[in-house]
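The structure appears right after this line, and notes come after that.
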Amino acid sequence: MFNKHFMKIVLKYSIFFAIGIAVLIAIDFIQLKIPLLLGEIIDLLSNTQDPTLPQPEIPTIQKIAIEIITIVAIVGFGRFVWRLFIFGTSRRVEYELRNKMFAHATKLPQEYYSHEKVGGMMTYFINDLAAVRMAFGPGIMMLIDSIFLGGFAIMRMYRIDRNMTLVALIPISLMVVLMIFINKSMRRQFRIRQEKFHDLSDYTQENFSGISVIKAYVREAYELNTFNRRSEELYTMNMRFFKRSIWLNMSINIALNAIIVLILGFGGYLVISTNGKFSDGDLTAYYSLFISITWPIMALARFFTLFSQAQASAKRITDFLDSPVVVKDRENVIEVENIEPSIMAKNLTFSYPDDDIRVLDEITFNIEAGEMVGILGKTGSGKTTLVDLMLRVYNIREGQLYLGGYDIMRLPIKKVREIIGYVPQDNFLFSDTIYNNISFAYDNLDEEKVYESAKLADVYNNIVDFAEGFETILGERGVTVSGGQKQRISIARAIAKNPEILILDDAVSAVDTKTEETIINNLYNLRKGKTTIFIAHRISTVKNMDKIIILDEGKIVDIGTHDELLARSAFYRDMVERQKLEEMVEGGNF
């Protein structure tokens, strides 16, 4: 876990950790004065049993008591300080690491999310980060306590009685060796446990997202059984891990109690047999000092458990942060202030990463600035892939796609996406107010612009009919509104951005023809001089546009206006005839 991702952040706050550790060491040293003072009191009180010995004076006992109270107050304040610096700083490390992980997640390529599910990724941000934070907070405290509090206590025990301390150190050393041996096994078990939790989170999130489908197909019992099976696997791994942890703690407790019996027995023998060389006070101080190191020993066991968990989680987080960001700015990017909203493809060919199948094959077209263009094709013809390339979701070879006359691979990705507005097929909406969803592209968008965008998307009247109007909170992914309303709110969001290039990917498929016509007419009037691209299945969506690009199986079939294509393209005429027939069947006119 001590790698570049973690240590850079830890070193940033090293001064705070150092202050906390210094205070902790000082407190460990100071608090061990209390057992010695207790021993002094016991010896003074023991003298009252023998009149021949000097009798204790009340002021002397009071002075020792005041000293103990003062030490307790200093220790209490010191604990507050070191907790603030160590635990507080570990929280800061967790905060910065979480932000770093989220920033990295936003840069990861599309293919990463095609094989990594959202539910599983959440375990990195919650469980794994918490395990790492515990190692840098309580873990550091336990390790320092084990070394210094234990070390200081053993040194003072050694001064009181060397032989008894050497005997006590034998089982203590064996316990430390046992902890180190078990640590490796526990780390492996915790990693497996986290992977099982990862899988269960994946499965749970996916089922909640698809709950309507599960109910529609009456698969509740099947999914419940599957969930129970996966949950049982996680339970089994949890039990294995915690059994080892409990066994370790139980072994340490037994060993510590055995040592305490040894100290009391051997110490009692020394008090009786040494004629005052080893006094009642010495035994009390020695016993109290040993009790002081029981916490460091238990803390060391706990540290090994926390460290095992943190190592496993740090490995998972490191793997995540080491996932390569393949879609990024090239070294030779061109900084351009204004880009003309024209798009040109030259023999554009594309295959998805790790796949040799050509999704787009030798695509060539030219979209002039200010044109309204339709891209038409059957499902799987490559339309959405073409849009992804325009948005720089994937890398392509230089010299194949141009934006405003500039090679898109040499433009900054941020600049490319700033000038493009996009309405995706899935019309993703956030669990927020409708107002905030529409104004998503800006931090502070004028209220009138939000309302105007909703009107142009023909959804304003629907929104004001809701009880909360534009302040209506949408459910996850916009489930609280209809499919058509989701589409129109998504369109309103893109209109509010007012981009130079607007791409609508099958964005009016869930609305009726009248609403579709209203939206398209509004866009015609609104976007004069700006480029608009409609990707569609329906001829009615694109027939009045400046040009139509027909795609089929990743290749361009033809490009032209509706009338031109009707005149020369058999493929286009066949699409028109098929859709007319479908409309007749749906309308019952056959």
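Naming scheme: A, B, ... for chains in displayed order of the structure tokens; residues 1 onward per chain; ligands 1 onward as shown.
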### Message
So that I can check the surroundings of Leu283 (chain A), please list as JSON, numbers by chain every protein, DNA and RNA residue that reaches within 8 Å of it, counting only C-alpha atoms and ignoring chain neighbours fewer than 6 positions away.
### Response
{"A": [39, 264, 267, 268, 271]}
Sorted per-residue table, region 511-544 of chain A near region 360-381 of chain A, closest atoms and distance, 8 Å, only C-alpha atoms, as CSV:
```
residue,atom,partner,partner_atom,distance
A:Tyr524,CA,A:Met372,CA,7.9
A:Arg527,CA,A:Gly370,CA,7.7
A:Lys528,CA,A:Gly370,CA,6.3
A:Gly529,CA,A:Gly370,CA,4.1
A:Lys530,CA,A:Gly370,CA,4.1
A:Thr531,CA,A:Gly370,CA,4.3
A:Thr532,CA,A:Met372,CA,4.7
A:Ile533,CA,A:Val373,CA,4.8
A:Phe534,CA,A:Gly374,CA,4.7
A:Ile535,CA,A:Ile375,CA,4.7
A:Ala536,CA,A:Leu376,CA,5.4
A:His537,CA,A:Leu376,CA,5.9
A:Arg538,CA,A:Leu376,CA,7.8
A:Ile539,CA,A:Leu376,CA,7.7
A:Thr541,CA,A:Gly374,CA,7.9
A:Val542,CA,A:Gly374,CA,5.1
A:Lys543,CA,A:Gly374,CA,7.9
```
### Query
Contacts of Gly137 (chain A) at 8 Å or less, counting only C-alpha atoms, minus same-chain residues fewer than 5 places along, as a PyMOL selection string?
chain A and resi 86-91
Residues as selected, N, CA and C atoms, written as a PDB file, in the first residue's frame, can you do that?
```pdb
ATOM      1  N   ILE A  86      -3.881  12.638  14.181  1.00  0.00           N
ATOM      2  CA  ILE A  86      -3.733  11.349  13.481  1.00  0.00           C
ATOM      3  C   ILE A  86      -5.038  10.938  12.814  1.00  0.00           C
ATOM      4  N   PHE A  87      -6.123  10.849  13.590  1.00  0.00           N
ATOM      5  CA  PHE A  87      -7.402  10.420  13.017  1.00  0.00           C
ATOM      6  C   PHE A  87      -7.940  11.454  12.030  1.00  0.00           C
ATOM      7  N   GLY A  88      -7.830  12.736  12.399  1.00  0.00           N
ATOM      8  CA  GLY A  88      -8.314  13.792  11.508  1.00  0.00           C
ATOM      9  C   GLY A  88      -7.562  13.809  10.190  1.00  0.00           C
ATOM     10  N   THR A  89      -6.245  13.614  10.248  1.00  0.00           N
ATOM     11  CA  THR A  89      -5.448  13.610   9.019  1.00  0.00           C
ATOM     12  C   THR A  89      -5.747  12.385   8.172  1.00  0.00           C
ATOM     13  N   SER A  90      -6.019  11.253   8.816  1.00  0.00           N
ATOM     14  CA  SER A  90      -6.381  10.052   8.040  1.00  0.00           C
ATOM     15  C   SER A  90      -7.684  10.276   7.274  1.00  0.00           C
ATOM     16  N   ARG A  91      -8.594  11.033   7.876  1.00  0.00           N
ATOM     17  CA  ARG A  91      -9.835  11.386   7.177  1.00  0.00           C
ATOM     18  C   ARG A  91      -9.532  12.281   5.976  1.00  0.00           C
TER      19      ARG A  91
END
```
### Message
For a test of reading the model, state the distance in Å between CA of Tyr124 (chain A) and CA of His198 (chain A), rounded to one decimal.
### Response
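These two atoms are separated by 8.5 Å.
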#### Entry: Residue neighbourhood region 156-160 of chain A, 12 Å, only C-alpha atoms, exclusion window fewer than 3 positions, as a PyMOL selection string
chain A and resi 29+32-36+39+149-153+163-169+263+267+270+277-293
Since we have the selection now, will you write its residues out, keeping N, CA and C atoms, as an mmCIF file, in the first residue's frame?
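Here's the written file out39.cif:
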```cif
data_model
loop_
_atom_site.group_PDB
_atom_site.id
_atom_site.type_symbol
_atom_site.label_atom_id
_atom_site.label_comp_id
_atom_site.auth_asym_id
_atom_site.auth_seq_id
_atom_site.Cartn_x
_atom_site.Cartn_y
_atom_site.Cartn_z
ATOM 1 N N PHE A 29 4.913 8.028 27.206
ATOM 2 C CA PHE A 29 5.998 8.121 28.195
ATOM 3 C C PHE A 29 5.477 8.644 29.532
ATOM 4 N N LEU A 32 3.126 6.316 31.916
ATOM 5 C CA LEU A 32 3.746 5.193 32.625
ATOM 6 C C LEU A 32 4.344 5.614 33.966
ATOM 7 N N LYS A 33 4.294 6.906 34.272
ATOM 8 C CA LYS A 33 4.704 7.383 35.593
ATOM 9 C C LYS A 33 3.679 6.979 36.655
ATOM 10 N N ILE A 34 2.421 6.789 36.221
ATOM 11 C CA ILE A 34 1.334 6.492 37.175
ATOM 12 C C ILE A 34 1.567 5.176 37.903
ATOM 13 N N PRO A 35 1.919 4.043 37.210
ATOM 14 C CA PRO A 35 2.183 2.796 37.966
ATOM 15 C C PRO A 35 3.279 2.948 39.002
ATOM 16 N N LEU A 36 4.334 3.723 38.716
ATOM 17 C CA LEU A 36 5.412 3.927 39.690
ATOM 18 C C LEU A 36 4.917 4.715 40.898
ATOM 19 N N GLY A 39 2.915 2.495 43.032
ATOM 20 C CA GLY A 39 3.818 1.647 43.827
ATOM 21 C C GLY A 39 4.335 2.378 45.050
ATOM 22 N N LEU A 149 4.717 2.625 23.782
ATOM 23 C CA LEU A 149 4.134 2.354 25.095
ATOM 24 C C LEU A 149 4.640 1.010 25.611
ATOM 25 N N GLY A 150 4.642 0.011 24.712
ATOM 26 C CA GLY A 150 5.165 -1.299 25.102
ATOM 27 C C GLY A 150 6.641 -1.227 25.449
ATOM 28 N N GLY A 151 7.413 -0.499 24.626
ATOM 29 C CA GLY A 151 8.857 -0.384 24.871
ATOM 30 C C GLY A 151 9.173 0.331 26.176
ATOM 31 N N PHE A 152 8.497 1.457 26.406
ATOM 32 C CA PHE A 152 8.728 2.202 27.654
ATOM 33 C C PHE A 152 8.360 1.347 28.866
ATOM 34 N N ALA A 153 7.248 0.621 28.764
ATOM 35 C CA ALA A 153 6.787 -0.198 29.893
ATOM 36 C C ALA A 153 7.781 -1.323 30.181
ATOM 37 N N ASN A 163 15.030 -10.424 35.817
ATOM 38 C CA ASN A 163 14.747 -11.840 35.529
ATOM 39 C C ASN A 163 13.286 -12.070 35.162
ATOM 40 N N MET A 164 12.382 -11.459 35.957
ATOM 41 C CA MET A 164 10.964 -11.653 35.685
ATOM 42 C C MET A 164 10.582 -11.059 34.322
ATOM 43 N N THR A 165 11.209 -9.963 33.936
ATOM 44 C CA THR A 165 10.919 -9.334 32.648
ATOM 45 C C THR A 165 11.393 -10.217 31.494
ATOM 46 N N LEU A 166 12.587 -10.803 31.634
ATOM 47 C CA LEU A 166 13.104 -11.683 30.581
ATOM 48 C C LEU A 166 12.210 -12.904 30.396
ATOM 49 N N VAL A 167 11.703 -13.441 31.501
ATOM 50 C CA VAL A 167 10.782 -14.585 31.423
ATOM 51 C C VAL A 167 9.488 -14.174 30.718
ATOM 52 N N ALA A 168 8.962 -12.997 31.071
ATOM 53 C CA ALA A 168 7.699 -12.526 30.474
ATOM 54 C C ALA A 168 7.849 -12.242 28.982
ATOM 55 N N LEU A 169 9.060 -11.839 28.559
ATOM 56 C CA LEU A 169 9.267 -11.491 27.150
ATOM 57 C C LEU A 169 9.230 -12.705 26.225
ATOM 58 N N ILE A 263 3.337 -13.525 36.776
ATOM 59 C CA ILE A 263 3.856 -12.327 37.461
ATOM 60 C C ILE A 263 3.394 -12.290 38.919
ATOM 61 N N GLY A 267 6.089 -12.815 41.500
ATOM 62 C CA GLY A 267 6.262 -11.552 42.226
ATOM 63 C C GLY A 267 5.937 -11.707 43.694
ATOM 64 N N LEU A 270 8.821 -13.275 45.385
ATOM 65 C CA LEU A 270 9.918 -12.331 45.585
ATOM 66 C C LEU A 270 9.643 -11.404 46.770
ATOM 67 N N LYS A 277 13.675 -6.318 49.489
ATOM 68 C CA LYS A 277 14.344 -5.874 48.265
ATOM 69 C C LYS A 277 13.345 -5.723 47.102
ATOM 70 N N PHE A 278 12.342 -6.633 47.103
ATOM 71 C CA PHE A 278 11.243 -6.523 46.133
ATOM 72 C C PHE A 278 9.978 -6.332 46.945
ATOM 73 N N SER A 279 9.491 -5.084 47.012
ATOM 74 C CA SER A 279 8.416 -4.733 47.940
ATOM 75 C C SER A 279 7.029 -4.909 47.324
ATOM 76 N N ASP A 280 6.003 -4.718 48.179
ATOM 77 C CA ASP A 280 4.616 -4.727 47.697
ATOM 78 C C ASP A 280 4.423 -3.660 46.625
ATOM 79 N N GLY A 281 5.031 -2.509 46.827
ATOM 80 C CA GLY A 281 4.925 -1.420 45.856
ATOM 81 C C GLY A 281 5.570 -1.779 44.526
ATOM 82 N N ASP A 282 6.722 -2.509 44.610
ATOM 83 C CA ASP A 282 7.376 -2.944 43.371
ATOM 84 C C ASP A 282 6.472 -3.884 42.578
ATOM 85 N N LEU A 283 5.822 -4.827 43.305
ATOM 86 C CA LEU A 283 4.917 -5.771 42.649
ATOM 87 C C LEU A 283 3.729 -5.032 42.050
ATOM 88 N N THR A 284 3.188 -4.059 42.780
ATOM 89 C CA THR A 284 2.049 -3.281 42.267
ATOM 90 C C THR A 284 2.454 -2.506 41.013
ATOM 91 N N ALA A 285 3.627 -1.856 41.087
ATOM 92 C CA ALA A 285 4.100 -1.085 39.925
ATOM 93 C C ALA A 285 4.366 -2.015 38.738
ATOM 94 N N TYR A 286 5.000 -3.159 39.027
ATOM 95 C CA TYR A 286 5.334 -4.105 37.948
ATOM 96 C C TYR A 286 4.048 -4.630 37.296
ATOM 97 N N TYR A 287 3.091 -5.007 38.144
ATOM 98 C CA TYR A 287 1.813 -5.524 37.623
ATOM 99 C C TYR A 287 1.105 -4.452 36.793
ATOM 100 N N SER A 288 1.085 -3.218 37.303
ATOM 101 C CA SER A 288 0.420 -2.126 36.581
ATOM 102 C C SER A 288 1.116 -1.841 35.254
ATOM 103 N N LEU A 289 2.460 -1.932 35.240
ATOM 104 C CA LEU A 289 3.189 -1.717 33.988
ATOM 105 C C LEU A 289 2.878 -2.816 32.982
ATOM 106 N N PHE A 290 2.787 -4.056 33.489
ATOM 107 C CA PHE A 290 2.452 -5.141 32.547
ATOM 108 C C PHE A 290 1.033 -4.966 32.005
ATOM 109 N N ILE A 291 0.116 -4.560 32.894
ATOM 110 C CA ILE A 291 -1.248 -4.293 32.416
ATOM 111 C C ILE A 291 -1.214 -3.201 31.348
ATOM 112 N N SER A 292 -0.284 -2.239 31.494
ATOM 113 C CA SER A 292 -0.152 -1.168 30.495
ATOM 114 C C SER A 292 0.271 -1.715 29.137
ATOM 115 N N ILE A 293 1.042 -2.806 29.106
ATOM 116 C CA ILE A 293 1.481 -3.330 27.805
ATOM 117 C C ILE A 293 0.505 -4.360 27.231
#
```
### Message
Need to verify the contact set: Ile21 (chain A), 8 Å, only C-alpha atoms, exclusion of same-chain residues closer than 6 positions in sequence. Can you return it as a list of chain:residue names?
### Response
A:Trp82, A:Ile86, A:Met141, A:Ile144
Expected file contents, prior selection, N, CA and C atoms, as a PDB file, in the first residue's frame:
```pdb
ATOM      1  N   TRP A  82      -3.578  14.167  19.907  1.00  0.00           N
ATOM      2  CA  TRP A  82      -3.068  13.198  18.926  1.00  0.00           C
ATOM      3  C   TRP A  82      -4.190  12.564  18.111  1.00  0.00           C
ATOM      4  N   ILE A  86      -3.881  12.638  14.181  1.00  0.00           N
ATOM      5  CA  ILE A  86      -3.733  11.349  13.481  1.00  0.00           C
ATOM      6  C   ILE A  86      -5.038  10.938  12.814  1.00  0.00           C
ATOM      7  N   MET A 141      -1.842   4.678  15.038  1.00  0.00           N
ATOM      8  CA  MET A 141      -1.896   4.847  16.489  1.00  0.00           C
ATOM      9  C   MET A 141      -1.545   3.533  17.200  1.00  0.00           C
ATOM     10  N   ILE A 144       2.280   2.691  16.782  1.00  0.00           N
ATOM     11  CA  ILE A 144       3.125   3.554  17.627  1.00  0.00           C
ATOM     12  C   ILE A 144       2.961   3.180  19.101  1.00  0.00           C
TER      13      ILE A 144
END
```
### Task
Write out as a VMD selection string which residues come within 12 Å of Ala510 (chain A) when counting only C-alpha atoms, dropping same-chain ones fewer than 4 positions away.
chain A and resid 425 to 427 482 to 488 506 514 to 516 536 to 538
Preceding selection exported with all heavy atoms as a compact mmCIF listing (two decimals), in the first residue's frame:
```txt
# COMPACT_ATOMS: atom_id res chain seq x y z
N GLN A 425 -29.21 8.13 -26.60
CA GLN A 425 -30.37 7.24 -26.76
C GLN A 425 -31.06 6.96 -25.44
O GLN A 425 -32.28 6.89 -25.36
CB GLN A 425 -29.92 5.92 -27.38
CG GLN A 425 -29.70 5.97 -28.88
CD GLN A 425 -29.30 4.61 -29.42
OE1 GLN A 425 -28.53 3.88 -28.80
NE2 GLN A 425 -29.80 4.27 -30.58
N ASP A 426 -30.26 6.76 -24.37
CA ASP A 426 -30.87 6.35 -23.11
C ASP A 426 -31.44 7.52 -22.31
O ASP A 426 -32.06 7.32 -21.28
CB ASP A 426 -29.88 5.57 -22.25
CG ASP A 426 -28.66 6.40 -21.85
OD1 ASP A 426 -28.58 7.57 -22.28
OD2 ASP A 426 -27.81 5.88 -21.12
N ASN A 427 -31.22 8.77 -22.79
CA ASN A 427 -31.81 9.95 -22.15
C ASN A 427 -31.59 9.95 -20.64
O ASN A 427 -32.53 10.06 -19.86
CB ASN A 427 -33.31 10.03 -22.44
CG ASN A 427 -33.59 10.11 -23.92
OD1 ASN A 427 -33.30 11.10 -24.57
ND2 ASN A 427 -34.13 9.04 -24.49
N SER A 482 -42.43 9.89 -17.80
CA SER A 482 -42.63 8.95 -18.92
C SER A 482 -41.43 8.99 -19.87
O SER A 482 -40.59 9.90 -19.81
CB SER A 482 -43.90 9.32 -19.68
OG SER A 482 -43.71 10.54 -20.38
N GLY A 483 -41.38 8.00 -20.77
CA GLY A 483 -40.29 7.94 -21.74
C GLY A 483 -40.23 9.18 -22.62
O GLY A 483 -39.16 9.73 -22.88
N GLY A 484 -41.40 9.64 -23.07
CA GLY A 484 -41.44 10.84 -23.91
C GLY A 484 -41.01 12.08 -23.16
O GLY A 484 -40.31 12.95 -23.71
N GLN A 485 -41.41 12.18 -21.89
CA GLN A 485 -40.99 13.33 -21.08
C GLN A 485 -39.49 13.31 -20.82
O GLN A 485 -38.83 14.35 -20.84
CB GLN A 485 -41.78 13.34 -19.76
CG GLN A 485 -43.25 13.70 -19.94
CD GLN A 485 -44.08 13.42 -18.70
OE1 GLN A 485 -43.68 12.65 -17.83
NE2 GLN A 485 -45.24 14.04 -18.62
N LYS A 486 -38.94 12.12 -20.58
CA LYS A 486 -37.49 12.00 -20.41
C LYS A 486 -36.76 12.50 -21.65
O LYS A 486 -35.78 13.25 -21.55
CB LYS A 486 -37.11 10.53 -20.15
CG LYS A 486 -37.26 10.07 -18.72
CD LYS A 486 -36.93 8.61 -18.56
CE LYS A 486 -35.48 8.32 -18.87
NZ LYS A 486 -35.11 6.91 -18.62
N GLN A 487 -37.24 12.07 -22.81
CA GLN A 487 -36.60 12.49 -24.05
C GLN A 487 -36.64 14.01 -24.22
O GLN A 487 -35.63 14.65 -24.56
CB GLN A 487 -37.27 11.82 -25.25
CG GLN A 487 -36.82 10.39 -25.48
CD GLN A 487 -37.21 9.87 -26.84
OE1 GLN A 487 -38.16 10.36 -27.47
NE2 GLN A 487 -36.51 8.86 -27.32
N ARG A 488 -37.78 14.58 -23.93
CA ARG A 488 -37.93 16.03 -24.14
C ARG A 488 -37.15 16.84 -23.11
O ARG A 488 -36.62 17.91 -23.42
CB ARG A 488 -39.41 16.40 -24.16
CG ARG A 488 -40.09 16.00 -25.47
CD ARG A 488 -41.58 16.28 -25.46
NE ARG A 488 -42.29 15.32 -24.62
CZ ARG A 488 -43.47 15.55 -24.07
NH1 ARG A 488 -44.07 16.70 -24.23
NH2 ARG A 488 -44.05 14.62 -23.34
N ASP A 506 -31.45 9.41 -31.92
CA ASP A 506 -32.76 8.77 -31.79
C ASP A 506 -33.54 9.41 -30.63
O ASP A 506 -34.17 8.72 -29.82
CB ASP A 506 -32.57 7.27 -31.55
CG ASP A 506 -33.77 6.46 -32.04
OD1 ASP A 506 -34.54 6.98 -32.86
OD2 ASP A 506 -33.94 5.32 -31.58
N LYS A 514 -46.73 14.39 -34.01
CA LYS A 514 -47.05 15.83 -33.89
C LYS A 514 -46.00 16.52 -33.00
O LYS A 514 -45.49 17.59 -33.35
CB LYS A 514 -48.45 16.01 -33.30
CG LYS A 514 -48.89 17.47 -33.21
CD LYS A 514 -50.33 17.55 -32.71
CE LYS A 514 -50.79 19.00 -32.60
NZ LYS A 514 -49.98 19.82 -31.71
N THR A 515 -45.68 15.91 -31.86
CA THR A 515 -44.67 16.48 -30.97
C THR A 515 -43.30 16.49 -31.64
O THR A 515 -42.55 17.47 -31.53
CB THR A 515 -44.59 15.66 -29.66
OG1 THR A 515 -45.89 15.62 -29.06
CG2 THR A 515 -43.61 16.28 -28.68
N GLU A 516 -43.00 15.42 -32.36
CA GLU A 516 -41.73 15.35 -33.09
C GLU A 516 -41.62 16.51 -34.08
O GLU A 516 -40.59 17.18 -34.16
CB GLU A 516 -41.64 14.01 -33.83
CG GLU A 516 -40.40 13.87 -34.70
CD GLU A 516 -40.46 12.62 -35.56
OE1 GLU A 516 -41.48 12.40 -36.25
OE2 GLU A 516 -39.49 11.86 -35.54
N ALA A 536 -31.62 8.82 -36.59
CA ALA A 536 -33.01 8.34 -36.49
C ALA A 536 -33.19 7.01 -37.20
O ALA A 536 -32.36 6.57 -38.00
CB ALA A 536 -33.94 9.39 -37.08
N HIS A 537 -34.31 6.39 -36.86
CA HIS A 537 -34.77 5.21 -37.59
C HIS A 537 -35.91 5.60 -38.53
O HIS A 537 -36.11 5.00 -39.58
CB HIS A 537 -35.28 4.13 -36.62
CG HIS A 537 -34.20 3.50 -35.78
ND1 HIS A 537 -33.87 3.96 -34.53
CD2 HIS A 537 -33.37 2.47 -36.04
CE1 HIS A 537 -32.89 3.22 -34.03
NE2 HIS A 537 -32.57 2.32 -34.94
N ARG A 538 -36.69 6.62 -38.11
CA ARG A 538 -37.89 6.99 -38.87
C ARG A 538 -37.56 7.99 -39.97
O ARG A 538 -36.86 8.97 -39.75
CB ARG A 538 -38.94 7.60 -37.93
CG ARG A 538 -39.47 6.61 -36.91
CD ARG A 538 -40.74 7.10 -36.22
NE ARG A 538 -40.63 8.40 -35.59
CZ ARG A 538 -41.21 8.70 -34.43
NH1 ARG A 538 -41.88 7.77 -33.78
NH2 ARG A 538 -41.13 9.90 -33.93
```
